[in-house]
Structure formats: structure tokens, C-alpha cells
Amino acid sequence: MAILMTLAMVSTAIAADKTAARIKFEKTTHDFGNIREDGGPVTYEFQFTNTGSDPLKINSARAECGCTRPEYPKGEIAPGESGVIKVTYNPAGRPGGFTKVVTVRCTGNPGKVNLKIRGTVLPK
């Protein structure tokens with residue numbers, strides 16, 4: 001009896017997983033290399049696709065500090081459709097190396113993804 005219940009739970013989990021939204025990023029890290037402190041903000045767009053069979057919703061994209069600003073789609077991303085998380089870094093007053101993380105939370109699998117940007121700010 002216990003084996004049948006376990007098999008039923010596993011089957012249900014597998015079926016639910018097949019119908020879930022899935023977020024797949026082309027890459028989760030971007031290196032800007034050397035950028036100038038007085039060159040203005042730099043931006044990178046992290047491309048993603050909903051590879052699942054349910055609509056995907058980005059609930060939030062949060063940076064760890066005010067020098068990094070993420071932008072994300074507010075509507076649903078249909079199965080098979082793509083979108084971008086745009087991340088802008090302001091190097092003004094921040095000479096030296098940097099690594100910043102943007103935490104993306106969504107209704108898909110995985111429910112949380114960390115995107116990283118890095119580089120070196122060359123002083124004025």
C-alpha cells in the first residue's frame with residue numbers, strides 16, 4: 001500500500017512538473033570588462049525563454065544595491081516566448097572591480113535565479 005501511495009505521489013509530481021512554466025536564461029553572468037567611471041551607465045540584457053507549457057510571470061528582480069537597476073517584463077510570458085531582464089550599472093564614484101547580483105523571482109521552475117554582472121571601473 002505504501003509503495004502505491006509513493007508511486008501515485010511521484011506520478012502527480014511529474015505530471016505537475018511537465019505543465020509548469022520554466023525559465024531558461026541564455027546566460028546568467030555578464031562581464032563588462034573595463035568601463036570608464038565617467039563613461040555613464042552600462043546595460044546588459046539577459047535573454048530568457050519560457051520553455052514550459054504554462055505562462056510565466058516574473059514577480060520581481062531586485063539588485064543588492066542602488067548602483068544596479070534591473071527592469072523586467074510585467075506581463076505574462078507565454079510558453080515558447082522570450083523576454084529580457086535589463087540590468088543597468090552606474091559606475092560613477094565606484095572605481096575598481098565590481099560584482100553585482102540581481103535576484104529574479106518568478107512563477108516558473110526554478111522560482112529564483114541569480115543574475116551576475118561584473119567588471120572593472122577605470123577611474124577618471
# chains A, B, ... in the order shown; residues from 1 in each chain; ligands from 1
>>> residues_around(residues="segment 73-75 of chain A", least_positions_apart="3", cutoff="9 Å", atoms="only C-alpha atoms", output="MDAnalysis selection string")
chainID A and resid 56:60 83:85
>>> residues_around(residues="segment 96-109 of chain A", least_positions_apart="4", cutoff="10 Å", atoms="only C-alpha atoms", output="PyMOL selection string")
chain A and resi 17+20-24+28-35+37+50-52+54-65+67-70+72+76+85+87+89+91+113-123
>>> write_last_selection(atoms="N, CA and C atoms", output="short mmCIF file (atom, residue, chain, number, x, y, z; two decimals), in the first residue's frame")
data_model
loop_
_atom_site.label_atom_id
_atom_site.label_comp_id
_atom_site.auth_asym_id
_atom_site.auth_seq_id
_atom_site.Cartn_x
_atom_site.Cartn_y
_atom_site.Cartn_z
N ASP A 17 5.02 18.88 -12.88
CA ASP A 17 6.25 19.48 -13.35
C ASP A 17 6.22 19.70 -14.86
N ALA A 20 4.32 22.97 -15.72
CA ALA A 20 4.79 24.21 -15.10
C ALA A 20 5.51 25.09 -16.11
N ALA A 21 5.52 26.39 -15.79
CA ALA A 21 6.35 27.32 -16.55
C ALA A 21 7.81 27.04 -16.20
N ARG A 22 8.69 27.23 -17.16
CA ARG A 22 10.13 27.03 -16.93
C ARG A 22 10.88 28.21 -17.51
N ILE A 23 11.73 28.80 -16.69
CA ILE A 23 12.54 29.92 -17.16
C ILE A 23 13.94 29.41 -17.47
N LYS A 24 14.41 29.71 -18.68
CA LYS A 24 15.74 29.28 -19.10
C LYS A 24 16.46 30.51 -19.66
N THR A 28 23.70 33.55 -17.36
CA THR A 28 23.34 34.21 -16.10
C THR A 28 24.44 35.11 -15.57
N THR A 29 25.55 35.24 -16.30
CA THR A 29 26.65 36.11 -15.88
C THR A 29 27.11 36.92 -17.09
N HIS A 30 27.39 38.21 -16.85
CA HIS A 30 27.94 39.05 -17.91
C HIS A 30 29.12 39.84 -17.35
N ASP A 31 30.22 39.84 -18.10
CA ASP A 31 31.41 40.60 -17.72
C ASP A 31 31.53 41.80 -18.65
N PHE A 32 31.41 43.02 -18.08
CA PHE A 32 31.55 44.24 -18.87
C PHE A 32 33.00 44.53 -19.22
N GLY A 33 33.94 43.84 -18.55
CA GLY A 33 35.35 44.14 -18.78
C GLY A 33 35.69 45.48 -18.13
N ASN A 34 36.54 46.26 -18.78
CA ASN A 34 36.91 47.58 -18.27
C ASN A 34 35.93 48.62 -18.78
N ILE A 35 35.38 49.39 -17.85
CA ILE A 35 34.50 50.50 -18.21
C ILE A 35 35.00 51.77 -17.52
N GLU A 37 34.76 55.21 -15.43
CA GLU A 37 33.95 55.78 -14.35
C GLU A 37 33.11 56.94 -14.87
N ASN A 50 10.58 31.02 -21.87
CA ASN A 50 9.70 30.14 -21.11
C ASN A 50 9.64 28.82 -21.86
N THR A 51 10.37 27.82 -21.37
CA THR A 51 10.42 26.52 -22.03
C THR A 51 9.37 25.55 -21.49
N GLY A 52 8.50 26.02 -20.61
CA GLY A 52 7.44 25.18 -20.05
C GLY A 52 6.17 25.27 -20.87
N ASP A 54 3.13 26.32 -19.33
CA ASP A 54 2.23 27.29 -18.69
C ASP A 54 2.83 28.68 -18.82
N PRO A 55 2.00 29.73 -18.74
CA PRO A 55 2.53 31.09 -18.77
C PRO A 55 3.47 31.34 -17.59
N LEU A 56 4.48 32.17 -17.84
CA LEU A 56 5.50 32.52 -16.86
C LEU A 56 5.28 33.97 -16.43
N LYS A 57 5.41 34.24 -15.14
CA LYS A 57 5.29 35.61 -14.63
C LYS A 57 6.51 35.92 -13.79
N ILE A 58 7.21 37.01 -14.13
CA ILE A 58 8.32 37.48 -13.31
C ILE A 58 7.70 38.29 -12.17
N ASN A 59 7.91 37.85 -10.95
CA ASN A 59 7.34 38.54 -9.79
C ASN A 59 8.21 39.71 -9.34
N SER A 60 9.52 39.55 -9.43
CA SER A 60 10.43 40.64 -9.02
C SER A 60 11.82 40.39 -9.58
N ALA A 61 12.58 41.48 -9.67
CA ALA A 61 14.00 41.44 -9.99
C ALA A 61 14.63 42.51 -9.12
N ARG A 62 15.43 42.09 -8.15
CA ARG A 62 15.99 43.02 -7.16
C ARG A 62 17.50 42.98 -7.16
N ALA A 63 18.09 44.18 -7.16
CA ALA A 63 19.54 44.31 -7.07
C ALA A 63 19.93 44.46 -5.62
N GLU A 64 21.19 44.16 -5.33
CA GLU A 64 21.68 44.24 -3.95
C GLU A 64 22.06 45.66 -3.53
N CYS A 65 22.13 46.60 -4.50
CA CYS A 65 22.46 47.98 -4.14
C CYS A 65 21.84 48.94 -5.15
N CYS A 67 23.27 51.08 -7.07
CA CYS A 67 24.07 51.35 -8.28
C CYS A 67 23.66 50.45 -9.43
N THR A 68 22.84 49.45 -9.16
CA THR A 68 22.41 48.48 -10.17
C THR A 68 20.89 48.52 -10.25
N ARG A 69 20.37 48.68 -11.48
CA ARG A 69 18.93 48.81 -11.66
C ARG A 69 18.42 47.78 -12.66
N PRO A 70 17.61 46.82 -12.19
CA PRO A 70 17.02 45.84 -13.11
C PRO A 70 15.65 46.31 -13.62
N TYR A 72 12.26 44.46 -15.77
CA TYR A 72 11.76 43.16 -16.20
C TYR A 72 10.35 43.29 -16.75
N GLU A 76 2.61 38.43 -18.49
CA GLU A 76 2.94 37.00 -18.60
C GLU A 76 3.71 36.73 -19.88
N ILE A 85 15.65 40.51 -19.07
CA ILE A 85 15.84 41.25 -17.83
C ILE A 85 16.98 42.22 -18.14
N VAL A 87 19.63 44.93 -17.10
CA VAL A 87 20.36 45.32 -15.89
C VAL A 87 21.31 46.47 -16.24
N TYR A 89 24.12 49.26 -14.73
CA TYR A 89 25.07 49.55 -13.66
C TYR A 89 25.62 50.97 -13.85
N PRO A 91 28.61 53.35 -12.92
CA PRO A 91 29.96 53.29 -12.36
C PRO A 91 30.43 54.58 -11.68
N VAL A 113 16.36 32.87 -9.61
CA VAL A 113 17.59 32.82 -10.41
C VAL A 113 18.42 34.04 -10.06
N ASN A 114 19.72 33.84 -9.85
CA ASN A 114 20.63 34.95 -9.61
C ASN A 114 21.37 35.28 -10.89
N LEU A 115 21.25 36.54 -11.32
CA LEU A 115 21.99 37.05 -12.47
C LEU A 115 23.15 37.88 -11.95
N LYS A 116 24.33 37.75 -12.56
CA LYS A 116 25.51 38.47 -12.08
C LYS A 116 26.10 39.32 -13.19
N ILE A 117 26.51 40.54 -12.80
CA ILE A 117 27.30 41.38 -13.68
C ILE A 117 28.60 41.68 -12.97
N ARG A 118 29.66 41.86 -13.75
CA ARG A 118 30.94 42.17 -13.15
C ARG A 118 31.77 42.97 -14.14
N GLY A 119 32.84 43.51 -13.61
CA GLY A 119 33.75 44.29 -14.45
C GLY A 119 34.69 45.10 -13.59
N THR A 120 35.42 46.00 -14.23
CA THR A 120 36.35 46.88 -13.53
C THR A 120 36.09 48.31 -13.99
N VAL A 121 35.88 49.20 -13.03
CA VAL A 121 35.66 50.61 -13.32
C VAL A 121 37.02 51.32 -13.29
N LEU A 122 37.39 51.92 -14.43
CA LEU A 122 38.63 52.67 -14.53
C LEU A 122 38.40 54.08 -14.03
N PRO A 123 39.23 54.57 -13.08
CA PRO A 123 39.00 55.90 -12.51
C PRO A 123 39.13 57.00 -13.56
#
>>> select_by_dssp(residues="chain A", states="strand (DSSP E or B)", output="NGL selection string")
:A and (22-25 or 29-36 or 42-50 or 56-63 or 68-71 or 76-77 or 82-89 or 96-106 or 109 or 112-122)
>>> atom_distance(atom1="atom CA of Arg94 of chain A", atom2="atom CA of Gln47 of chain A")
26.8 Å
